[in-house]
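Colleague: Supplied structure: final10.cif, mmCIF, C-alpha atoms.
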```
data_query
#
loop_
_atom_site.group_PDB
_atom_site.id
_atom_site.type_symbol
_atom_site.label_atom_id
_atom_site.label_comp_id
_atom_site.auth_asym_id
_atom_site.auth_seq_id
_atom_site.Cartn_x
_atom_site.Cartn_y
_atom_site.Cartn_z
ATOM 1 C CA MET V 29 -14.154 -165.890 -107.187
ATOM 2 C CA ILE V 30 -17.394 -163.898 -107.312
ATOM 3 C CA LEU V 31 -17.247 -163.297 -103.575
ATOM 4 C CA ALA V 32 -13.834 -161.632 -103.849
ATOM 5 C CA ALA V 33 -15.253 -159.073 -106.284
ATOM 6 C CA LEU V 34 -18.237 -158.451 -104.038
ATOM 7 C CA LEU V 35 -15.944 -157.988 -101.053
ATOM 8 C CA ALA V 36 -13.909 -155.445 -102.967
ATOM 9 C CA VAL V 37 -17.037 -153.490 -103.855
ATOM 10 C CA ALA V 38 -18.311 -153.597 -100.296
ATOM 11 C CA ALA V 39 -14.956 -152.553 -98.848
ATOM 12 C CA ALA V 40 -14.752 -149.582 -101.200
ATOM 13 C CA ARG V 41 -17.999 -148.113 -99.898
ATOM 14 C CA ALA V 42 -17.866 -145.455 -97.241
ATOM 15 C CA GLU V 43 -20.711 -147.084 -95.310
ATOM 16 C CA LEU V 44 -21.646 -150.653 -94.568
ATOM 17 C CA PRO V 45 -23.845 -152.318 -97.189
ATOM 18 C CA PRO V 46 -27.587 -152.338 -96.456
ATOM 19 C CA PRO V 47 -28.566 -155.140 -94.053
ATOM 20 C CA ASP V 48 -30.257 -157.357 -96.670
ATOM 21 C CA TYR V 49 -27.286 -157.105 -99.026
ATOM 22 C CA ARG V 50 -24.911 -157.688 -96.128
ATOM 23 C CA GLU V 51 -26.756 -160.857 -95.154
ATOM 24 C CA GLU V 52 -26.660 -162.095 -98.751
ATOM 25 C CA LEU V 53 -22.907 -161.470 -98.869
ATOM 26 C CA GLY V 54 -22.585 -163.286 -95.561
ATOM 27 C CA GLU V 55 -24.357 -166.376 -96.835
ATOM 28 C CA ARG V 56 -22.100 -166.469 -99.888
ATOM 29 C CA ALA V 57 -19.011 -165.944 -97.780
ATOM 30 C CA ALA V 58 -20.057 -168.661 -95.337
ATOM 31 C CA ALA V 59 -20.576 -171.102 -98.216
ATOM 32 C CA ASP V 60 -17.136 -170.268 -99.641
ATOM 33 C CA VAL V 61 -15.484 -170.632 -96.243
ATOM 34 C CA ALA V 62 -17.152 -174.027 -95.753
ATOM 35 C CA ALA V 63 -16.153 -175.215 -99.232
ATOM 36 C CA MET V 64 -12.548 -174.113 -98.764
ATOM 37 C CA ALA V 65 -12.330 -175.881 -95.411
ATOM 38 C CA ALA V 66 -13.878 -179.029 -96.907
ATOM 39 C CA ASP V 67 -11.127 -178.999 -99.550
ATOM 40 C CA GLY V 68 -8.544 -179.016 -96.762
ATOM 41 C CA ASP V 69 -7.495 -175.370 -96.938
ATOM 42 C CA VAL V 70 -8.300 -174.440 -93.348
ATOM 43 C CA ASP V 71 -5.926 -171.485 -93.261
ATOM 44 C CA GLY V 72 -7.420 -170.117 -96.467
ATOM 45 C CA ALA V 73 -10.933 -170.576 -95.096
ATOM 46 C CA VAL V 74 -10.020 -168.707 -91.926
ATOM 47 C CA ARG V 75 -8.366 -165.895 -93.893
ATOM 48 C CA LEU V 76 -11.468 -165.515 -96.055
ATOM 49 C CA ALA V 77 -13.772 -165.461 -93.037
ATOM 50 C CA ARG V 78 -11.647 -162.886 -91.239
ATOM 51 C CA ARG V 79 -11.341 -160.728 -94.325
ATOM 52 C CA PHE V 80 -15.105 -160.668 -94.644
ATOM 53 C CA THR V 81 -15.503 -159.801 -90.971
ATOM 54 C CA ARG V 82 -12.947 -157.022 -91.259
ATOM 55 C CA GLU V 83 -14.014 -155.512 -94.585
ATOM 56 C CA VAL V 84 -17.788 -156.034 -94.591
ATOM 57 C CA ALA V 85 -19.202 -156.873 -91.155
ATOM 58 C CA PRO V 86 -19.076 -159.551 -88.463
ATOM 59 C CA LEU V 87 -21.952 -161.909 -89.267
ATOM 60 C CA PRO V 88 -22.931 -165.102 -87.417
ATOM 61 C CA ALA V 89 -22.953 -167.319 -90.517
ATOM 62 C CA VAL V 90 -19.358 -166.446 -91.422
ATOM 63 C CA LEU V 91 -18.060 -166.565 -87.860
ATOM 64 C CA TYR V 92 -19.676 -169.964 -87.391
ATOM 65 C CA GLU V 93 -17.986 -171.405 -90.471
ATOM 66 C CA GLU V 94 -14.672 -169.973 -89.301
ATOM 67 C CA GLY V 95 -15.157 -171.665 -85.945
ATOM 68 C CA LEU V 96 -16.199 -174.949 -87.533
ATOM 69 C CA ALA V 97 -13.159 -175.018 -89.827
ATOM 70 C CA LEU V 98 -10.882 -174.444 -86.844
ATOM 71 C CA TYR V 99 -12.728 -176.938 -84.639
ATOM 72 C CA ARG V 100 -12.475 -179.715 -87.218
ATOM 73 C CA ALA V 101 -8.771 -178.950 -87.560
ATOM 74 C CA GLY V 102 -8.321 -179.422 -83.810
ATOM 75 C CA ARG V 103 -7.588 -175.748 -83.160
ATOM 76 C CA THR V 104 -10.100 -175.497 -80.358
ATOM 77 C CA ASP V 105 -8.866 -172.305 -78.687
ATOM 78 C CA ALA V 106 -9.276 -170.347 -81.924
ATOM 79 C CA ALA V 107 -12.545 -172.130 -82.676
ATOM 80 C CA LEU V 108 -13.896 -171.143 -79.282
ATOM 81 C CA ARG V 109 -13.091 -167.491 -79.952
ATOM 82 C CA ALA V 110 -14.959 -167.609 -83.271
ATOM 83 C CA TYR V 111 -17.965 -169.326 -81.681
ATOM 84 C CA ASP V 112 -17.976 -166.760 -78.879
ATOM 85 C CA ARG V 113 -18.098 -163.920 -81.418
ATOM 86 C CA CYS V 114 -20.835 -165.678 -83.371
ATOM 87 C CA LEU V 115 -22.922 -166.095 -80.228
ATOM 88 C CA GLU V 116 -22.397 -162.496 -79.160
ATOM 89 C CA LEU V 117 -24.242 -161.572 -82.363
ATOM 90 C CA ASP V 118 -26.766 -164.402 -82.303
ATOM 91 C CA PRO V 119 -27.113 -166.040 -78.870
ATOM 92 C CA ASN V 120 -29.596 -168.555 -80.292
ATOM 93 C CA HIS V 121 -27.358 -169.907 -83.070
ATOM 94 C CA ALA V 122 -28.011 -173.616 -82.490
ATOM 95 C CA ALA V 123 -24.989 -175.026 -84.306
ATOM 96 C CA ALA V 124 -22.548 -172.671 -82.595
ATOM 97 C CA ARG V 125 -24.154 -173.455 -79.247
ATOM 98 C CA TYR V 126 -23.799 -177.185 -79.854
ATOM 99 C CA ASP V 127 -20.182 -177.011 -80.993
ATOM 100 C CA ARG V 128 -19.192 -174.696 -78.153
ATOM 101 C CA GLY V 129 -20.967 -177.038 -75.762
ATOM 102 C CA GLU V 130 -18.833 -179.924 -77.030
ATOM 103 C CA ILE V 131 -15.661 -177.937 -76.402
ATOM 104 C CA ARG V 132 -16.825 -176.897 -72.949
ATOM 105 C CA LEU V 133 -17.789 -180.477 -72.094
ATOM 106 C CA ALA V 134 -14.391 -181.774 -73.207
ATOM 107 C CA ARG V 135 -12.733 -179.150 -70.993
ATOM 108 C CA GLY V 136 -14.808 -180.014 -67.946
ATOM 109 C CA ASP V 137 -16.919 -176.837 -67.991
ATOM 110 C CA LEU V 138 -20.147 -178.683 -67.253
ATOM 111 C CA ASP V 139 -22.228 -175.601 -66.427
ATOM 112 C CA GLY V 140 -21.178 -173.895 -69.659
ATOM 113 C CA ALA V 141 -21.828 -177.046 -71.674
ATOM 114 C CA ARG V 142 -25.240 -177.469 -70.066
ATOM 115 C CA GLU V 143 -26.206 -173.905 -70.936
ATOM 116 C CA ASP V 144 -25.110 -174.302 -74.559
ATOM 117 C CA PHE V 145 -26.773 -177.681 -75.089
ATOM 118 C CA ALA V 146 -30.013 -176.459 -73.507
ATOM 119 C CA VAL V 147 -30.200 -173.542 -75.955
ATOM 120 C CA ALA V 148 -29.285 -175.811 -78.879
ATOM 121 C CA ALA V 149 -32.034 -178.244 -77.863
ATOM 122 C CA ARG V 150 -34.558 -175.424 -77.650
ATOM 123 C CA GLU V 151 -33.592 -173.974 -81.023
ATOM 124 C CA ALA V 152 -33.072 -177.289 -82.854
ATOM 125 C CA PRO V 153 -35.229 -179.823 -80.989
ATOM 126 C CA ASP V 154 -35.301 -182.290 -83.897
ATOM 127 C CA HIS V 155 -31.575 -183.087 -83.591
ATOM 128 C CA TRP V 156 -30.952 -186.073 -81.334
ATOM 129 C CA ALA V 157 -27.352 -185.109 -80.555
ATOM 130 C CA VAL V 158 -28.270 -182.200 -78.287
ATOM 131 C CA HIS V 159 -30.647 -184.363 -76.238
ATOM 132 C CA PHE V 160 -27.986 -187.071 -76.080
ATOM 133 C CA ARG V 161 -25.473 -184.606 -74.678
ATOM 134 C CA LEU V 162 -27.978 -183.385 -72.099
ATOM 135 C CA ALA V 163 -28.451 -187.032 -71.087
ATOM 136 C CA HIS V 164 -24.674 -187.319 -70.793
ATOM 137 C CA LEU V 165 -24.619 -184.332 -68.451
ATOM 138 C CA ALA V 166 -27.504 -185.740 -66.423
ATOM 139 C CA ALA V 167 -25.526 -188.956 -65.969
ATOM 140 C CA LEU V 168 -22.531 -186.959 -64.763
ATOM 141 C CA ASP V 169 -24.898 -185.197 -62.332
ATOM 142 C CA ARG V 170 -26.155 -188.583 -61.060
ATOM 143 C CA ASP V 171 -29.723 -187.635 -62.000
ATOM 144 C CA PRO V 172 -31.440 -190.779 -63.361
ATOM 145 C CA ARG V 173 -34.760 -189.013 -63.918
ATOM 146 C CA ALA V 174 -33.259 -186.326 -66.157
ATOM 147 C CA PHE V 175 -31.024 -188.980 -67.748
ATOM 148 C CA GLU V 176 -34.080 -190.950 -68.831
ATOM 149 C CA ALA V 177 -36.032 -187.888 -69.994
ATOM 150 C CA HIS V 178 -33.197 -186.646 -72.210
ATOM 151 C CA LEU V 179 -32.521 -190.108 -73.605
ATOM 152 C CA LEU V 180 -36.193 -190.430 -74.503
ATOM 153 C CA ASP V 181 -35.981 -187.127 -76.376
ATOM 154 C CA ALA V 182 -32.885 -188.367 -78.176
ATOM 155 C CA LEU V 183 -34.599 -191.626 -79.119
ATOM 156 C CA ARG V 184 -37.629 -189.785 -80.469
ATOM 157 C CA HIS V 185 -35.340 -187.877 -82.827
ATOM 158 C CA GLY V 186 -33.226 -190.711 -84.168
ATOM 159 C CA PHE V 187 -30.681 -191.735 -81.535
ATOM 160 C CA ASP V 188 -29.527 -195.365 -81.804
ATOM 161 C CA PHE V 189 -28.056 -197.187 -78.810
ATOM 162 C CA ARG V 190 -25.597 -198.950 -81.117
ATOM 163 C CA THR V 191 -23.600 -195.711 -81.235
ATOM 164 C CA ILE V 192 -22.584 -196.024 -77.570
ATOM 165 C CA VAL V 193 -22.235 -199.772 -76.874
ATOM 166 C CA ASP V 194 -18.422 -199.639 -77.088
ATOM 167 C CA ASP V 195 -18.009 -196.323 -75.262
ATOM 168 C CA PRO V 196 -16.181 -196.888 -71.928
ATOM 169 C CA GLN V 197 -18.130 -194.099 -70.195
ATOM 170 C CA TRP V 198 -21.494 -195.512 -71.222
ATOM 171 C CA LYS V 199 -20.364 -199.028 -70.343
ATOM 172 C CA ALA V 200 -19.651 -197.794 -66.831
ATOM 173 C CA TRP V 201 -23.065 -196.164 -66.621
ATOM 174 C CA ALA V 202 -24.712 -199.388 -67.805
ATOM 175 C CA ARG V 203 -23.268 -201.133 -64.734
ATOM 176 C CA ASP V 204 -24.164 -198.268 -62.405
ATOM 177 C CA PRO V 205 -26.876 -199.133 -59.835
ATOM 178 C CA GLU V 206 -28.855 -195.944 -60.537
ATOM 179 C CA LEU V 207 -28.244 -195.301 -64.227
ATOM 180 C CA GLY V 208 -27.996 -198.905 -65.391
ATOM 181 C CA PRO V 209 -31.685 -199.703 -64.861
ATOM 182 C CA VAL V 210 -32.629 -196.676 -66.980
ATOM 183 C CA LEU V 211 -30.500 -197.910 -69.869
ATOM 184 C CA GLU V 212 -31.820 -201.439 -69.497
ATOM 185 C CA ARG V 213 -35.433 -200.284 -69.561
ATOM 186 C CA LEU V 214 -34.987 -198.064 -72.605
ATOM 187 C CA ILE V 215 -32.963 -200.604 -74.569
ATOM 188 C CA VAL V 216 -35.528 -203.334 -73.943
ATOM 189 C CA VAL V 217 -38.357 -201.081 -75.103
ATOM 190 C CA TYR V 218 -36.710 -199.113 -77.911
ATOM 191 C CA SER V 219 -33.830 -201.207 -79.183
ATOM 192 C CA ASP V 220 -32.313 -204.691 -79.336
ATOM 193 C CA GLU V 221 -32.070 -206.388 -75.956
ATOM 194 C CA ALA V 222 -28.947 -208.188 -77.180
ATOM 195 C CA LEU V 223 -27.132 -204.845 -76.969
ATOM 196 C CA LEU V 224 -27.334 -205.019 -73.175
ATOM 197 C CA ASP V 225 -24.736 -207.774 -72.885
ATOM 198 C CA ARG V 226 -22.351 -205.843 -75.098
ATOM 199 C CA LEU V 227 -22.930 -202.604 -73.223
ATOM 200 C CA ARG V 228 -22.442 -204.261 -69.845
ATOM 201 C CA ALA V 229 -19.274 -206.066 -70.857
ATOM 202 C CA PRO V 230 -16.013 -204.615 -69.461
ATOM 203 C CA ALA V 231 -14.467 -201.933 -71.645
ATOM 204 C CA ASP V 232 -11.534 -204.183 -72.528
ATOM 205 C CA ALA V 233 -13.647 -207.250 -73.301
ATOM 206 C CA GLY V 234 -12.791 -208.771 -76.641
ATOM 207 C CA ALA V 235 -9.391 -207.124 -76.746
ATOM 208 C CA ASP V 236 -7.582 -210.491 -76.908
#
```
Starting from the file, lay out its structure as C-alpha cells.

Modeller:
Amino acid sequence: MILAALLAVAAARAELPPPDYREELGERAAADVAAMAADGDVDGAVRLARRFTREVAPLPAVLYEEGLALYRAGRTDAALRAYDRCLELDPNHAAARYDRGEIRLARGDLDGAREDFAVAAREAPDHWAVHFRLAHLAALDRDPRAFEAHLLDALRHGFDFRTIVDDPQWKAWARDPELGPVLERLIVVYSDEALLDRLRAPADAGAD
C-alpha cells in the first residue's frame, strides 16, 4: 500500500510534514480508510485511521472516516468520540455534524442534535436530509411554523414524501391537529395527494 510507505516516511521525520503535504497524506489516508471499511474490514480501517493520527497528525478527513466506519458498524460510542475529535479540529465539518446529530437525536439529546443539524444545513444547504432532520426537531418542539419552513427547504433540495409514509412517527404527526394540516398542505402542493391516505392510516394498517 502506497499510504503505508508514506506513513513510514512521515513517522521517521523529526518534525511534522509541511501542512500541504500533511493534508495530501490525510486525503489518501481517508480514502484508504473508507475503502477498507467498505470492504467490511472495520477494525482494519480504524487501525489505519488511528495509526495515521498517531504517526502523522490528527486531521478531520481521517477522523471523519474513522467515525463513519464505526457508526455504520453500530459502534456509536466510539464513533461519537471520533466525530468529536474531528469537530474539535473543524467545527464546520458538515458530514461529521450531520452524523453526530443523528447519534444525538437517537439518544434524546435534542439541543445537541439541533446545534449539529443547524451547522450542517448552513455548511451543506443543498442536502435535503439536514433540513428534514430540522423539520423532525421542529415537530418534536410542537412548532408548526418551523416544521413547515424546514420541510419546504427539504423539498427544494430533493426530499420525497414517499420516504416517510410508513414511518410511525410521521404517521402520528399526520394525524396531529397542529402538524397534520402542514403535511396535508405540502403534500397536496408538492407531491401526490394519494399519499395522504397512506400517511394517515394507522401504523399497523395492512399488517394482516

Colleague: Need to verify the contact set: His178 of chain V, 6 Å, only C-alpha atoms, exclusion of same-chain residues closer than 3 positions in sequence. Can you return it as a list in words?

Modeller: His159, Ala163, Phe175 and Asp181 of chain V

Colleague: Export C-alpha atoms of the chosen residues as an mmCIF file, in the frame of the given file?

Modeller:
```cif
data_model
loop_
_atom_site.group_PDB
_atom_site.id
_atom_site.type_symbol
_atom_site.label_atom_id
_atom_site.label_comp_id
_atom_site.auth_asym_id
_atom_site.auth_seq_id
_atom_site.Cartn_x
_atom_site.Cartn_y
_atom_site.Cartn_z
ATOM 1 C CA HIS V 159 -30.647 -184.363 -76.238
ATOM 2 C CA ALA V 163 -28.451 -187.032 -71.087
ATOM 3 C CA PHE V 175 -31.024 -188.980 -67.748
ATOM 4 C CA ASP V 181 -35.981 -187.127 -76.376
#
```

Colleague: Atom CA of Val216 of chain V and atom CA of His164 of chain V, how far apart in Å?

Modeller: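 Going from atom CA of His164 of chain V over to atom CA of Val216 of chain V covers 19.6 Å.
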
Colleague: Please write as a PyMOL selection string the full residue list that the PyMOL selection byres ((chain V and resi 71) around 12) yields on this file.

Modeller: chain V and resi 61-62+64-70+72-78+94-95+97-98+101+103+106

Colleague: Determine the residue set returned by the PyMOL selection byres ((chain V and resi 184-201) around 8) for the present structure, and present it as a list in words.

Modeller: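 Given this file, the PyMOL selection byres ((chain V and resi 184-201) around 8) evaluates to Asp154, His155, Trp156, Ala157, Phe160, Ala167, Leu180, Asp181, Ala182, Leu183, Ala202, Arg203, Asp204, Leu207, Gly208, Ile215, Ser219, Leu223, Arg226, Leu227, Arg228, Ala229, Pro230 and Ala231 of chain V.
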
Colleague: Please evaluate the PyMOL selection byres ((chain V and resi 108) around 8) against the structure above and give the resulting residues as an MDAnalysis selection string.

Modeller: chainID V and resid 95 99 104:107 109:112 128 131

Colleague: The selected residues should be written to file as a PDB file, in the coordinates of the input (atoms: C-alpha atoms).

Modeller:
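Just written: again12.pdb:
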```
ATOM      1  CA  GLY V  95     -15.157-171.665 -85.945  1.00  0.00           C
ATOM      2  CA  TYR V  99     -12.728-176.938 -84.639  1.00  0.00           C
ATOM      3  CA  THR V 104     -10.100-175.497 -80.358  1.00  0.00           C
ATOM      4  CA  ASP V 105      -8.866-172.305 -78.687  1.00  0.00           C
ATOM      5  CA  ALA V 106      -9.276-170.347 -81.924  1.00  0.00           C
ATOM      6  CA  ALA V 107     -12.545-172.130 -82.676  1.00  0.00           C
ATOM      7  CA  ARG V 109     -13.091-167.491 -79.952  1.00  0.00           C
ATOM      8  CA  ALA V 110     -14.959-167.609 -83.271  1.00  0.00           C
ATOM      9  CA  TYR V 111     -17.965-169.326 -81.681  1.00  0.00           C
ATOM     10  CA  ASP V 112     -17.976-166.760 -78.879  1.00  0.00           C
ATOM     11  CA  ARG V 128     -19.192-174.696 -78.153  1.00  0.00           C
ATOM     12  CA  ILE V 131     -15.661-177.937 -76.402  1.00  0.00           C
TER      13      ILE V 131
END
```

Colleague: Restricting the calculation to all atoms listed in the file: of V:Ala222, V:Ala59, V:Leu165, V:Val217, which residue gets closest to Leu133 of chain V?

Modeller: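 Ranking V:Ala222, V:Ala59, V:Leu165, V:Val217 by distance to Leu133 of chain V, first place goes to V:Leu165.
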
Colleague: Just give me the gap between atom CA of Glu130 of chain V and atom CA of Asp171 of chain V in Å, one decimal is fine.

Modeller: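 Calculated distance between atom CA of Glu130 of chain V and atom CA of Asp171 of chain V is 20.1 Å.
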
Colleague: Just how far from atom CA of Leu138 of chain V is atom CA of Asp169 of chain V, in Å to one decimal?

Modeller: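 Separating atom CA of Asp169 of chain V from atom CA of Leu138 of chain V is a distance of 9.4 Å.
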
Colleague: Excluding Glu116 of chain V and its own-chain neighbours fewer than 3 positions away, which residues fall within 12 Å of it when counting all atoms listed in the file? Please give them as a PyMOL selection string.

Modeller: chain V and resi 86-88+91-92+109-113+119-121+124-125

Colleague: Using only C-alpha atoms, which of V:Ala123, V:Ala63, V:Ala57, V:Leu117 sits nearest Val90 of chain V?

Modeller: V:Ala57

Colleague: From the options V:Leu214, V:Ala58, V:Ala174, V:Ala134, which residue's atoms come nearest to Arg79 of chain V, counting all atoms listed in the file?

Modeller: V:Ala58

Colleague: For segment 179-197 of chain V, what centre and edge lengths in Å (one decimal) does the axis-aligned box get once 8 Å is added on each side of all its listed atoms, as lines of an AutoDock Vina configuration file?

Modeller:
```
center_x = -26.9
center_y = -193.4
center_z = -77.2
size_x = 37.4
size_y = 28.6
size_z = 30.0
```

Colleague: In terms of the shortest atom-to-atom distance over only C-alpha atoms, which of V:Arg56, V:Arg142, V:Arg100, V:Arg132 is closest to Arg161 of chain V?

Modeller: V:Arg142
